[in-house]
$ cat work.tsv   # TSV, C-alpha atoms and all ligand atoms
chain	number	residue	atom	x	y	z
P	1	MET	CA	14.35	24.18	1.00
P	2	ASP	CA	10.83	23.17	1.87
P	3	ASP	CA	8.28	25.50	0.35
P	4	PRO	CA	6.25	26.84	3.30
P	5	ASP	CA	3.25	27.50	1.06
P	6	ALA	CA	3.04	23.90	-0.11
P	7	ALA	CA	1.24	20.92	1.32
P	8	TRP	CA	3.71	18.35	2.61
P	9	LEU	CA	3.60	14.63	2.93
P	10	THR	CA	6.23	13.93	5.55
P	11	VAL	CA	7.43	10.33	5.66
P	12	ASP	CA	9.19	9.18	8.81
P	13	LEU	CA	11.58	6.47	7.67
P	14	ASN	CA	12.49	5.60	11.27
P	15	ALA	CA	8.82	4.82	11.92
P	16	LEU	CA	8.81	2.71	8.76
P	17	ALA	CA	11.82	0.78	10.09
P	18	ALA	CA	10.12	0.33	13.47
P	19	ASN	CA	7.00	-1.07	11.77
P	20	LEU	CA	9.15	-3.48	9.77
P	21	ALA	CA	10.82	-4.64	13.00
P	22	HIS	CA	7.40	-5.16	14.60
P	23	LEU	CA	6.17	-7.22	11.65
P	24	LYS	CA	9.36	-9.28	11.71
P	25	ALA	CA	8.81	-10.02	15.38
P	26	LEU	CA	5.27	-11.21	14.60
P	27	SER	CA	6.35	-13.27	11.62
P	28	GLY	CA	8.71	-15.67	13.37
P	29	GLU	CA	10.76	-17.59	10.82
P	30	ALA	CA	8.85	-16.25	7.83
P	31	GLU	CA	10.63	-13.77	5.57
P	32	VAL	CA	9.03	-10.31	5.55
P	33	ALA	CA	8.79	-9.17	1.92
P	34	PRO	CA	7.46	-5.60	1.71
P	35	VAL	CA	4.81	-4.69	-0.83
P	36	VAL	CA	5.89	-1.43	-2.47
P	37	LYS	CA	3.37	-1.23	-5.32
P	38	ALA	CA	1.81	2.10	-6.30
P	39	ASP	CA	4.95	4.09	-5.41
P	40	ALA	CA	5.08	2.43	-2.00
P	41	TYR	CA	1.45	3.32	-1.33
P	42	GLY	CA	2.12	6.88	-2.43
P	43	LEU	CA	5.00	7.47	-0.01
P	44	GLY	CA	7.77	7.29	-2.60
P	45	LEU	CA	9.27	4.05	-3.89
P	46	GLU	CA	12.93	5.00	-3.68
P	47	ALA	CA	13.08	6.37	-0.15
P	48	VAL	CA	10.87	3.58	1.17
P	49	ALA	CA	12.54	0.67	-0.62
P	50	GLY	CA	15.98	2.12	0.09
P	51	ARG	CA	15.34	2.19	3.82
P	52	LEU	CA	13.65	-1.22	3.84
P	53	TRP	CA	16.68	-2.65	2.05
P	54	ALA	CA	18.93	-1.04	4.66
P	55	GLU	CA	16.80	-2.71	7.32
P	56	GLY	CA	17.37	-6.11	5.74
P	57	ALA	CA	14.44	-6.61	3.36
P	58	ARG	CA	15.58	-8.67	0.37
P	59	SER	CA	12.33	-9.51	-1.46
P	60	PHE	CA	9.77	-6.97	-2.64
P	61	PHE	CA	6.41	-7.08	-4.38
P	62	VAL	CA	5.14	-4.59	-6.95
P	63	ALA	CA	2.01	-4.71	-9.09
P	64	ARG	CA	3.15	-3.58	-12.53
P	65	THR	CA	6.16	-4.50	-14.65
P	66	ALA	CA	7.06	-0.81	-14.88
P	67	GLU	CA	7.12	-0.56	-11.09
P	68	GLY	CA	9.50	-3.49	-10.98
P	69	GLU	CA	11.72	-1.84	-13.57
P	70	SER	CA	11.83	1.37	-11.52
P	71	LEU	CA	12.70	-0.53	-8.38
P	72	ARG	CA	15.45	-2.49	-10.14
P	73	ARG	CA	16.90	0.68	-11.65
P	74	PHE	CA	16.94	2.28	-8.22
P	75	LEU	CA	18.42	-0.67	-6.34
P	76	GLY	CA	21.03	-1.21	-9.06
P	77	GLU	CA	23.38	-4.12	-9.53
P	78	ALA	CA	24.85	-4.09	-6.06
P	79	ARG	CA	21.60	-4.67	-4.19
P	80	GLN	CA	20.35	-7.99	-5.53
P	81	ALA	CA	16.78	-7.96	-4.37
P	82	CYS	CA	14.21	-10.44	-5.53
P	83	ILE	CA	11.42	-8.38	-7.11
P	84	TYR	CA	8.06	-10.10	-7.65
P	85	VAL	CA	5.57	-8.62	-10.12
P	86	LEU	CA	1.99	-9.39	-9.08
P	87	ASP	CA	0.54	-8.74	-12.54
P	88	GLY	CA	2.58	-11.70	-13.70
P	89	CYS	CA	3.80	-12.23	-17.23
P	90	THR	CA	1.37	-10.25	-19.34
P	91	SER	CA	1.39	-10.76	-23.08
P	92	GLY	CA	4.75	-9.72	-24.54
P	93	ALA	CA	6.21	-8.80	-21.13
P	94	GLY	CA	8.77	-11.63	-21.09
P	95	PRO	CA	11.73	-9.65	-22.45
P	96	ARG	CA	11.12	-6.73	-20.10
P	97	LEU	CA	10.77	-8.97	-17.06
P	98	GLU	CA	13.95	-10.82	-17.93
P	99	ALA	CA	15.92	-7.65	-18.71
P	100	ALA	CA	15.07	-6.14	-15.34
P	101	GLY	CA	15.57	-9.42	-13.50
P	102	LEU	CA	11.96	-9.49	-12.29
P	103	THR	CA	10.08	-12.56	-11.12
P	104	PRO	CA	6.50	-12.70	-12.37
P	105	VAL	CA	3.77	-14.06	-10.13
P	106	LEU	CA	2.07	-16.20	-12.78
P	107	ASN	CA	-1.68	-15.91	-12.54
P	108	SER	CA	-3.09	-18.12	-15.30
P	109	LEU	CA	-2.22	-20.99	-17.61
P	110	PRO	CA	-1.63	-18.61	-20.56
P	111	GLN	CA	0.79	-16.60	-18.39
P	112	ILE	CA	2.64	-19.78	-17.47
P	113	GLU	CA	2.82	-20.69	-21.15
P	114	GLU	CA	4.11	-17.19	-22.03
P	115	TRP	CA	6.89	-17.15	-19.41
P	116	ALA	CA	7.87	-20.78	-20.02
P	117	ALA	CA	8.08	-20.11	-23.77
P	118	HIS	CA	10.22	-17.05	-23.14
P	119	SER	CA	12.50	-19.04	-20.86
P	120	ARG	CA	12.79	-21.80	-23.50
P	121	GLY	CA	13.55	-19.28	-26.24
P	122	ARG	CA	16.30	-17.74	-24.18
P	123	ARG	CA	17.67	-21.11	-23.03
P	124	ARG	CA	17.67	-19.75	-19.50
P	125	ARG	CA	16.19	-21.12	-16.32
P	126	LEU	CA	14.07	-18.18	-15.18
P	127	GLY	CA	12.42	-17.81	-11.80
P	128	ALA	CA	8.68	-17.77	-11.30
P	129	ALA	CA	6.08	-17.52	-8.58
P	130	LEU	CA	2.62	-19.00	-8.92
P	131	HIS	CA	-0.62	-17.45	-7.68
P	132	ILE	CA	-3.39	-19.88	-6.74
P	133	ASP	CA	-6.80	-18.40	-6.05
P	134	THR	CA	-8.42	-19.66	-2.85
P	135	GLY	CA	-11.55	-17.54	-2.80
P	136	LEU	CA	-10.85	-13.93	-3.72
P	137	ASN	CA	-11.58	-14.64	-7.39
P	138	ARG	CA	-9.30	-11.89	-8.54
P	139	LEU	CA	-6.05	-13.27	-9.92
P	140	GLY	CA	-4.65	-16.77	-9.83
P	141	LEU	CA	-5.15	-20.31	-11.04
P	142	ARG	CA	-8.20	-22.16	-9.87
P	143	ILE	CA	-7.27	-24.93	-7.45
P	144	GLU	CA	-8.11	-27.65	-9.98
P	145	GLU	CA	-5.91	-25.92	-12.57
P	146	ALA	CA	-3.05	-25.91	-10.06
P	147	ARG	CA	-3.59	-29.61	-9.46
P	148	SER	CA	-3.47	-30.52	-13.11
P	149	LEU	CA	-0.43	-28.29	-13.57
P	150	ALA	CA	1.33	-30.20	-10.80
P	151	GLN	CA	0.60	-33.43	-12.66
P	152	ALA	CA	1.96	-32.04	-15.91
P	153	ARG	CA	4.94	-30.11	-14.64
P	154	ASP	CA	6.50	-30.04	-18.10
P	155	ARG	CA	4.05	-27.17	-18.75
P	156	LEU	CA	6.28	-25.17	-16.43
P	157	GLY	CA	9.16	-26.00	-18.78
P	158	ASP	CA	12.48	-25.04	-17.28
P	159	LEU	CA	11.01	-22.43	-14.99
P	160	ASP	CA	12.38	-22.40	-11.49
P	161	LEU	CA	9.24	-22.32	-9.32
P	162	GLU	CA	10.35	-20.35	-6.26
P	163	LEU	CA	7.14	-19.43	-4.51
P	164	VAL	CA	3.44	-20.30	-4.41
P	165	ILE	CA	1.13	-17.57	-3.16
P	166	SER	CA	-2.52	-16.90	-2.49
P	167	HIS	CA	-4.28	-13.78	-1.19
P	168	LEU	CA	-6.85	-13.41	1.60
P	169	ALA	CA	-10.22	-11.79	0.99
P	170	CYS	CA	-11.28	-10.99	4.57
P	171	ALA	CA	-8.06	-10.87	6.61
P	172	ASP	CA	-9.03	-7.48	8.06
P	173	ASP	CA	-11.87	-9.27	9.88
P	174	PRO	CA	-10.25	-11.84	12.20
P	175	HIS	CA	-13.68	-13.40	12.85
P	176	SER	CA	-14.49	-14.09	9.22
P	177	PRO	CA	-14.83	-17.83	8.51
P	178	MET	CA	-13.37	-17.07	5.09
P	179	ASN	CA	-9.88	-16.87	6.66
P	180	ALA	CA	-9.81	-20.48	7.85
P	181	ARG	CA	-11.41	-21.68	4.61
P	182	GLN	CA	-8.71	-19.98	2.56
P	183	ALA	CA	-5.93	-21.19	4.87
P	184	ILE	CA	-7.07	-24.79	4.41
P	185	ALA	CA	-7.54	-24.43	0.66
P	186	PHE	CA	-4.06	-22.91	0.42
P	187	GLU	CA	-2.46	-25.76	2.39
P	188	GLU	CA	-4.03	-28.25	0.00
P	189	ALA	CA	-3.18	-26.34	-3.15
P	190	ALA	CA	0.41	-25.60	-2.12
P	191	ALA	CA	0.97	-29.23	-1.09
P	192	VAL	CA	0.91	-30.28	-4.74
P	193	PHE	CA	4.14	-28.31	-5.20
P	194	PRO	CA	6.28	-29.87	-2.47
P	195	GLY	CA	9.46	-28.07	-1.55
P	196	VAL	CA	8.32	-24.75	-2.99
P	197	ARG	CA	8.16	-21.80	-0.57
P	198	ARG	CA	4.70	-20.52	0.31
P	199	SER	CA	3.13	-17.14	1.03
P	200	LEU	CA	-0.43	-16.29	2.08
P	201	ALA	CA	-0.46	-13.30	4.45
P	202	ASN	CA	-0.72	-9.59	3.75
P	203	SER	CA	-0.47	-7.19	6.72
P	204	ALA	CA	-3.73	-8.34	8.27
P	205	GLY	CA	-2.85	-11.97	7.57
P	206	VAL	CA	0.27	-11.64	9.72
P	207	LEU	CA	-1.97	-10.85	12.70
P	208	LEU	CA	-4.11	-13.94	12.11
P	209	GLY	CA	-1.47	-16.19	13.59
P	210	ALA	CA	0.99	-18.94	12.84
P	211	ALA	CA	-1.22	-20.86	10.37
P	212	PHE	CA	-1.08	-17.88	8.03
P	213	LEU	CA	2.64	-17.12	8.08
P	214	HIS	CA	4.15	-19.93	5.96
P	215	ASP	CA	7.59	-19.06	4.52
P	216	LEU	CA	7.10	-15.46	3.49
P	217	VAL	CA	4.64	-12.68	4.36
P	218	ARG	CA	3.71	-9.72	2.14
P	219	PRO	CA	2.79	-6.70	4.25
P	220	GLY	CA	2.12	-3.32	2.71
P	221	LEU	CA	-0.23	-1.15	4.74
P	222	ALA	CA	1.06	-2.01	8.21
P	223	LEU	CA	4.57	-0.91	7.22
P	224	TYR	CA	3.12	2.46	6.31
P	225	GLY	CA	1.28	2.81	9.62
P	226	GLY	CA	-2.24	1.69	8.72
P	227	GLY	CA	-4.00	-0.62	11.15
P	228	PRO	CA	-4.52	-3.99	9.45
P	229	THR	CA	-8.06	-4.29	10.80
P	230	GLY	CA	-9.07	-0.80	9.72
P	231	ARG	CA	-8.48	0.59	13.20
P	232	PRO	CA	-5.30	2.16	14.56
P	233	ASP	CA	-2.90	-0.47	15.86
P	234	PRO	CA	-1.03	0.83	18.94
P	235	GLU	CA	1.98	-1.32	17.99
P	236	LEU	CA	2.43	0.51	14.70
P	237	ARG	CA	3.85	3.99	14.32
P	238	ALA	CA	2.42	6.69	12.08
P	239	VAL	CA	4.72	6.93	9.07
P	240	ALA	CA	2.99	9.53	6.92
P	241	THR	CA	1.82	13.02	7.87
P	242	LEU	CA	-0.13	15.21	5.47
P	243	ASP	CA	-0.32	18.88	6.34
P	244	ALA	CA	-0.91	22.21	4.64
P	245	PRO	CA	-0.88	25.89	5.62
P	246	ILE	CA	-3.80	28.10	6.52
P	247	LEU	CA	-4.18	30.89	3.94
P	248	GLN	CA	-6.79	32.97	5.66
P	249	VAL	CA	-8.93	32.96	8.80
P	250	ARG	CA	-12.32	34.61	8.41
P	251	SER	CA	-15.25	35.44	10.64
P	252	VAL	CA	-18.49	34.04	9.37
P	253	ARG	CA	-21.81	35.43	10.57
P	254	PRO	CA	-24.99	33.57	11.37
P	255	GLY	CA	-27.09	33.01	8.26
P	256	GLU	CA	-24.07	33.02	5.94
P	257	SER	CA	-22.97	29.93	4.07
P	258	ILE	CA	-19.53	28.51	3.33
P	259	GLY	CA	-18.28	27.00	0.11
P	260	TYR	CA	-19.72	25.71	-3.15
P	261	GLY	CA	-23.37	24.80	-3.19
P	262	ALA	CA	-23.84	26.78	0.03
P	263	THR	CA	-24.32	23.44	1.76
P	264	CYS	CA	-22.97	24.66	5.09
P	265	ILE	CA	-25.11	27.39	6.68
P	266	VAL	CA	-23.73	28.94	9.83
P	267	ASP	CA	-26.06	29.38	12.81
P	268	SER	CA	-23.73	31.06	15.28
P	269	PRO	CA	-20.64	33.21	14.69
P	270	LEU	CA	-17.60	31.16	13.85
P	271	ARG	CA	-14.05	31.42	12.60
P	272	ALA	CA	-13.22	29.52	9.46
P	273	ALA	CA	-9.64	28.70	8.48
P	274	VAL	CA	-9.16	28.26	4.75
P	275	VAL	CA	-6.42	25.70	4.12
P	276	ALA	CA	-4.32	25.33	0.95
P	277	LEU	CA	-5.29	21.76	0.20
P	278	GLY	CA	-8.14	20.26	-1.78
P	279	TYR	CA	-9.31	17.28	-3.73
P	280	ALA	CA	-6.58	17.89	-6.31
P	281	ASP	CA	-4.19	16.99	-3.50
P	282	GLY	CA	-6.03	13.81	-2.62
P	283	VAL	CA	-8.44	14.91	0.09
P	284	LEU	CA	-11.55	13.00	-0.93
P	285	ARG	CA	-14.40	15.36	-1.80
P	286	ALA	CA	-16.91	12.74	-0.72
P	287	GLY	CA	-15.43	13.02	2.77
P	288	SER	CA	-16.58	16.63	3.21
P	289	PRO	CA	-19.36	16.17	5.76
P	290	ARG	CA	-17.49	14.23	8.45
P	291	GLY	CA	-13.85	15.13	7.86
P	292	TYR	CA	-11.65	17.08	10.22
P	293	GLY	CA	-8.15	18.40	10.53
P	294	TRP	CA	-5.81	19.17	13.43
P	295	ALA	CA	-4.93	22.82	14.06
P	296	ASN	CA	-3.05	24.15	17.08
P	297	GLY	CA	-3.78	21.20	19.29
P	298	ALA	CA	-7.43	20.71	18.43
P	299	ALA	CA	-9.52	18.65	16.02
P	300	CYS	CA	-11.41	21.02	13.73
P	301	ALA	CA	-14.35	19.96	11.57
P	302	PHE	CA	-14.46	20.60	7.82
P	303	LEU	CA	-17.00	23.27	6.85
P	304	GLY	CA	-18.91	22.83	3.59
P	305	ARG	CA	-17.63	21.18	0.47
P	306	ILE	CA	-14.00	20.43	-0.24
P	307	SER	CA	-12.95	22.29	-3.37
P	308	MET	CA	-10.09	21.59	-5.73
P	309	ASP	CA	-7.49	23.68	-3.92
P	310	LEU	CA	-9.07	24.62	-0.60
P	311	ILE	CA	-10.82	23.32	2.50
P	312	ALA	CA	-12.50	25.39	5.22
P	313	LEU	CA	-12.20	24.26	8.84
P	314	ASP	CA	-13.97	25.43	11.96
P	315	VAL	CA	-11.27	26.98	14.14
P	316	THR	CA	-13.63	28.90	16.43
P	317	GLY	CA	-12.15	27.26	19.51
P	318	CYS	CA	-8.45	27.52	18.69
P	319	GLU	CA	-5.86	30.14	17.94
P	320	ALA	CA	-5.27	29.45	14.29
P	321	THR	CA	-3.63	32.14	12.17
P	322	PRO	CA	-2.51	32.26	8.53
P	323	GLY	CA	0.65	30.24	7.98
P	324	ASP	CA	-0.16	27.74	10.72
P	325	ARG	CA	-0.17	24.20	9.44
P	326	VAL	CA	-3.16	21.93	9.61
P	327	GLU	CA	-2.67	18.16	9.78
P	328	LEU	CA	-5.04	15.98	7.76
P	329	PHE	CA	-3.51	12.74	8.97
P	330	GLY	CA	-0.43	11.88	10.99
P	331	ALA	CA	0.40	11.48	14.67
P	332	ASN	CA	-2.65	13.47	15.84
P	333	ILE	CA	-5.27	12.37	13.35
P	334	LEU	CA	-4.49	8.74	12.84
P	335	LEU	CA	-4.68	7.51	9.29
P	336	ASP	CA	-7.44	5.00	10.05
P	337	HIS	CA	-9.58	7.64	11.77
P	338	ALA	CA	-9.12	10.05	8.87
P	339	ALA	CA	-10.06	7.28	6.44
P	340	ALA	CA	-13.18	6.34	8.41
P	341	ALA	CA	-14.28	9.99	8.49
P	342	ALA	CA	-13.84	10.18	4.71
P	343	GLY	CA	-15.82	6.97	4.23
P	344	THR	CA	-12.85	5.05	2.89
P	345	ILE	CA	-9.82	3.00	3.92
P	346	ALA	CA	-6.29	4.03	4.84
P	347	TYR	CA	-4.96	2.53	1.58
P	348	GLU	CA	-6.97	5.00	-0.46
P	349	LEU	CA	-5.97	8.06	1.58
P	350	LEU	CA	-2.28	7.22	1.17
P	351	THR	CA	-2.36	6.38	-2.51
P	352	ARG	CA	-4.47	9.41	-3.45
P	353	VAL	CA	-2.06	12.04	-2.16
P	354	GLY	CA	-1.55	14.19	-5.23
P	355	SER	CA	1.55	15.20	-7.16
P	356	ARG	CA	1.24	18.84	-5.98
P	357	VAL	CA	2.02	17.71	-2.45
P	358	HIS	CA	5.76	17.81	-1.66
P	359	ARG	CA	7.23	14.63	-0.24
P	360	ARG	CA	9.91	14.98	2.41
P	361	TYR	CA	11.63	12.37	4.49
P	362	LEU	CA	12.84	12.12	8.07
P	363	GLY	CA	15.29	9.62	9.52
P	364	ALA	CA	18.20	7.64	8.11
P	365	GLY	CA	17.95	7.24	4.33
P	366	ALA	CA	16.12	10.56	3.90
Z	1	LIG	C1	-1.43	-5.31	-2.06
Z	1	LIG	C2	-1.17	-6.73	-1.77
Z	1	LIG	C3	-0.56	-7.12	-0.57
Z	1	LIG	C4	-0.31	-6.16	0.58
Z	1	LIG	O1	-1.52	-5.97	1.28
Z	1	LIG	P1	-1.61	-5.09	2.61
Z	1	LIG	O2	-3.01	-5.29	3.04
Z	1	LIG	O3	-1.30	-3.69	2.22
Z	1	LIG	O4	-0.63	-5.62	3.58
Z	1	LIG	C5	-0.20	-8.43	-0.42
Z	1	LIG	N1	-0.45	-9.35	-1.40
Z	1	LIG	C6	-1.07	-9.01	-2.55
Z	1	LIG	C7	-1.34	-10.06	-3.56
Z	1	LIG	C8	-1.46	-7.70	-2.77
Z	1	LIG	O5	-2.10	-7.38	-3.90
$ encode --input "work.tsv" --output "structure tokens" --more "lines below"
Ligand SMILES: *Cc1c(COP(=O)(O)O)cnc(C)c1O
Amino acid sequence: MDDPDAAWLTVDLNALAANLAHLKALSGEAEVAPVVKADAYGLGLEAVAGRLWAEGARSFFVARTAEGESLRRFLGEARQACIYVLDGCTSGAGPRLEAAGLTPVLNSLPQIEEWAAHSRGRRRRLGAALHIDTGLNRLGLRIEEARSLAQARDRLGDLDLELVISHLACADDPHSPMNARQAIAFEEAAAVFPGVRRSLANSAGVLLGAAFLHDLVRPGLALYGGGPTGRPDPELRAVATLDAPILQVRSVRPGESIGYGATCIVDSPLRAAVVALGYADGVLRAGSPRGYGWANGAACAFLGRISMDLIALDVTGCEATPGDRVELFGANILLDHAAAAAGTIAYELLTRVGSRVHRRYLGAGA
């Protein structure tokens, strides 16, 4: 039974499936390989990956080795997904990666050396992906390192190079000249590994058009309903809804203040709903001044500071009573709007939802 006093993160798996179908339609021939790192952006790895598998996804990306191990354990022997680990082969990770059948996205020459040595030691031809940096300067070989590697392929030992990737820095801004620069750099870098599949696009990259699709795309956020350009995308459905119950509705008189620090001073009589959700649940405290929730058909502004367990909302204009649920994001307050009000991005709102919030699932696979 759902606990009516708890905050709930409701995940609509049918909406997730619809977003996958939309991304597939945009991706043409390219394989859509969902990114399910960070517990599928906080929505729950098992339910999300389980449904995506049922919808035909066969390759997945995670960040950490441990995430890959969890995904493999969940999918089991029968569902033979290809699981790429973006951290690559960190020092000593070889045995774990091999045991869980994970494919590291090798990010540096020492990582290549580590995974190739492991493969040699085991006398097994192990799979690998290669990350080439084209401008983000985060992970990946420099282009000149990739070139010299291509000329000395014995450094890859017996590794089976399955995929070459790079990652876009400014894909959320379709007008950024960085996108074309990276696309060209990636073409050149990937060309030194002929016959190897290529991947450049994240969610936003998929929207940039055919030059960015290559053989495989790696969307995360768009699957979970976030607009790739930081604004709601009408083609994507809201997947996640965060709501919590009102504990008390109180009348506040002019001259009184609300909340810690007495930062909010009331100038005309109002009704404040106190909601059972706070920064411990992932509502960003820094978002206090401009945030709002949805109560009984109306958007209601936050009043004063967000505390650990509670938020006050102005419900003067609506009929809110204790027990009513207030939506923080979902179908009424779109994730991207909630993120903008909190001064952050949809990714952070999703991944911050705390462990006190109950997850529940709608749709097939729930
Ligand atoms: C997180 C990540 C993605 C997914 O990005 P979205 O913007 O969520 O689609 C793709 N590729 C890499 C390398 C990533 O780190």
$ closest_atom_pairs --input "work.tsv" --of "chain P" --to "ligand LIG 1 (chain Z)" --cutoff "9 Å" --atoms "only C-alpha atoms and all ligand atoms" --output "JSON lines"
{"residue": "P:Pro34", "atom": "CA", "partner": "Z:LIG1", "partner_atom": "C4", "distance": 7.9}
{"residue": "P:Val35", "atom": "CA", "partner": "Z:LIG1", "partner_atom": "C4", "distance": 5.5}
{"residue": "P:Val36", "atom": "CA", "partner": "Z:LIG1", "partner_atom": "C1", "distance": 8.3}
{"residue": "P:Lys37", "atom": "CA", "partner": "Z:LIG1", "partner_atom": "C1", "distance": 7.1}
{"residue": "P:Tyr41", "atom": "CA", "partner": "Z:LIG1", "partner_atom": "O3", "distance": 8.3}
{"residue": "P:Phe61", "atom": "CA", "partner": "Z:LIG1", "partner_atom": "N1", "distance": 7.8}
{"residue": "P:Val62", "atom": "CA", "partner": "Z:LIG1", "partner_atom": "C1", "distance": 8.2}
{"residue": "P:Ala63", "atom": "CA", "partner": "Z:LIG1", "partner_atom": "O5", "distance": 7.1}
{"residue": "P:Leu86", "atom": "CA", "partner": "Z:LIG1", "partner_atom": "C7", "distance": 6.5}
{"residue": "P:His131", "atom": "CA", "partner": "Z:LIG1", "partner_atom": "C7", "distance": 8.5}
{"residue": "P:Leu139", "atom": "CA", "partner": "Z:LIG1", "partner_atom": "C7", "distance": 8.5}
{"residue": "P:Ile165", "atom": "CA", "partner": "Z:LIG1", "partner_atom": "C7", "distance": 7.9}
{"residue": "P:Ser166", "atom": "CA", "partner": "Z:LIG1", "partner_atom": "C7", "distance": 7.0}
{"residue": "P:His167", "atom": "CA", "partner": "Z:LIG1", "partner_atom": "C7", "distance": 5.3}
{"residue": "P:Leu168", "atom": "CA", "partner": "Z:LIG1", "partner_atom": "N1", "distance": 8.2}
{"residue": "P:Ala171", "atom": "CA", "partner": "Z:LIG1", "partner_atom": "O2", "distance": 8.3}
{"residue": "P:Asp172", "atom": "CA", "partner": "Z:LIG1", "partner_atom": "O2", "distance": 8.1}
{"residue": "P:Ser199", "atom": "CA", "partner": "Z:LIG1", "partner_atom": "N1", "distance": 8.9}
{"residue": "P:Leu200", "atom": "CA", "partner": "Z:LIG1", "partner_atom": "N1", "distance": 7.8}
{"residue": "P:Ala201", "atom": "CA", "partner": "Z:LIG1", "partner_atom": "C5", "distance": 6.9}
{"residue": "P:Asn202", "atom": "CA", "partner": "Z:LIG1", "partner_atom": "O4", "distance": 4.0}
{"residue": "P:Ser203", "atom": "CA", "partner": "Z:LIG1", "partner_atom": "O4", "distance": 3.5}
{"residue": "P:Ala204", "atom": "CA", "partner": "Z:LIG1", "partner_atom": "O2", "distance": 6.1}
{"residue": "P:Gly205", "atom": "CA", "partner": "Z:LIG1", "partner_atom": "O4", "distance": 7.8}
{"residue": "P:Val206", "atom": "CA", "partner": "Z:LIG1", "partner_atom": "O4", "distance": 8.6}
{"residue": "P:Val217", "atom": "CA", "partner": "Z:LIG1", "partner_atom": "C5", "distance": 8.0}
{"residue": "P:Arg218", "atom": "CA", "partner": "Z:LIG1", "partner_atom": "C5", "distance": 4.8}
{"residue": "P:Pro219", "atom": "CA", "partner": "Z:LIG1", "partner_atom": "O4", "distance": 3.6}
{"residue": "P:Gly220", "atom": "CA", "partner": "Z:LIG1", "partner_atom": "O3", "distance": 3.5}
{"residue": "P:Leu221", "atom": "CA", "partner": "Z:LIG1", "partner_atom": "O3", "distance": 3.7}
{"residue": "P:Ala222", "atom": "CA", "partner": "Z:LIG1", "partner_atom": "O4", "distance": 6.1}
{"residue": "P:Leu223", "atom": "CA", "partner": "Z:LIG1", "partner_atom": "O4", "distance": 7.9}
{"residue": "P:Tyr224", "atom": "CA", "partner": "Z:LIG1", "partner_atom": "O3", "distance": 8.6}
{"residue": "P:Gly226", "atom": "CA", "partner": "Z:LIG1", "partner_atom": "O3", "distance": 8.5}
{"residue": "P:Pro228", "atom": "CA", "partner": "Z:LIG1", "partner_atom": "O2", "distance": 6.7}
{"residue": "P:Tyr347", "atom": "CA", "partner": "Z:LIG1", "partner_atom": "O3", "distance": 7.2}
$ closest_residue --input "work.tsv" --among "P:Val353, P:Ala338, P:Val266, P:Ala180" --to "Ala299 (chain P)" --atoms "all atoms listed in the file"
P:Ala338
$ axis_aligned_box --input "work.tsv" --around "region 192-203 of chain P" --padding-each-side "6 Å" --output "JSON"
{"center_x": 4.4, "center_y": -18.7, "center_z": 0.8, "size_x": 22.2, "size_y": 35.1, "size_z": 23.9}
$ closest_residue --input "work.tsv" --among "P:Ala346, P:Arg290, P:Gly140, P:Ala150" --to "Val192 (chain P)" --atoms "only C-alpha atoms"
P:Ala150
$ residues_around --input "work.tsv" --residues "Asn14 (chain P)" --least-positions-apart "5" --cutoff "8 Å" --atoms "all atoms listed in the file" --output "NGL selection string"
:P and (362-364)
$ write_last_selection --input "work.tsv" --atoms "C-alpha atoms" --output "PDB file, in the coordinates of the input"
ATOM      1  CA  LEU P 362      12.840  12.120   8.070  1.00  0.00           C
ATOM      2  CA  GLY P 363      15.290   9.620   9.520  1.00  0.00           C
ATOM      3  CA  ALA P 364      18.200   7.640   8.110  1.00  0.00           C
TER       4      ALA P 364
END
$ atom_distance --input "work.tsv" --atom1 "CA of Leu247 (chain P)" --atom2 "CA of Asp12 (chain P)"
26.0 Å
$ closest_atom_pairs --input "work.tsv" --of "region 194-259 of chain P" --to "region 182-187 of chain P" --cutoff "12 Å" --atoms "all atoms listed in the file" --output "CSV"
residue,atom,partner,partner_atom,distance
P:Pro194,CA,P:Glu187,CA,10.8
P:Arg197,CA,P:Glu187,CA,11.7
P:Arg198,CA,P:Phe186,CA,9.1
P:Ser199,CA,P:Phe186,CA,9.2
P:Leu200,CA,P:Phe186,CA,7.7
P:Ala201,CA,P:Ala183,CA,9.6
P:Gly205,CA,P:Ala183,CA,10.1
P:Leu208,CA,P:Ala183,CA,10.4
P:Gly209,CA,P:Ala183,CA,11.0
P:Ala210,CA,P:Ala183,CA,10.8
P:Ala211,CA,P:Ala183,CA,7.2
P:Phe212,CA,P:Ala183,CA,6.7
P:Leu213,CA,P:Ala183,CA,10.0
P:His214,CA,P:Glu187,CA,9.5
$ closest_residue --input "work.tsv" --among "P:Ala146, P:Ala54, P:Ile258, P:Leu242" --to "Gly42 (chain P)" --atoms "only C-alpha atoms"
P:Leu242
$ closest_residue --input "work.tsv" --among "P:Leu136, P:Val274, P:Ala341, P:Leu216" --to "Tyr292 (chain P)" --atoms "only C-alpha atoms"
P:Ala341
$ residues_around --input "work.tsv" --residues "Pro232 (chain P)" --least-positions-apart "5" --cutoff "12 Å" --atoms "all atoms listed in the file" --output "ChimeraX atom specification"
/P:221-222,224-227,237-238,330-340,345-346
$ closest_residue --input "work.tsv" --among "P:Ala272, P:Val48, P:Val164, P:Cys264" --to "Ile246 (chain P)" --atoms "only C-alpha atoms"
P:Ala272
$ atom_distance --input "work.tsv" --atom1 "CA of Phe329 (chain P)" --atom2 "CA of Trp8 (chain P)"
11.1 Å
$ atom_distance --input "work.tsv" --atom1 "CA of Asp324 (chain P)" --atom2 "CA of Ala295 (chain P)"
7.6 Å
$ closest_residue --input "work.tsv" --among "P:Ser251, P:Ser91, P:Thr241, P:Thr344" --to "Leu328 (chain P)" --atoms "all atoms listed in the file"
P:Thr241
$ residues_around --input "work.tsv" --residues "Lys24 (chain P)" --least-positions-apart "6" --cutoff "10 Å" --atoms "all atoms listed in the file" --output "NGL selection string"
:P and (18 or 30-33 or 206 or 217)
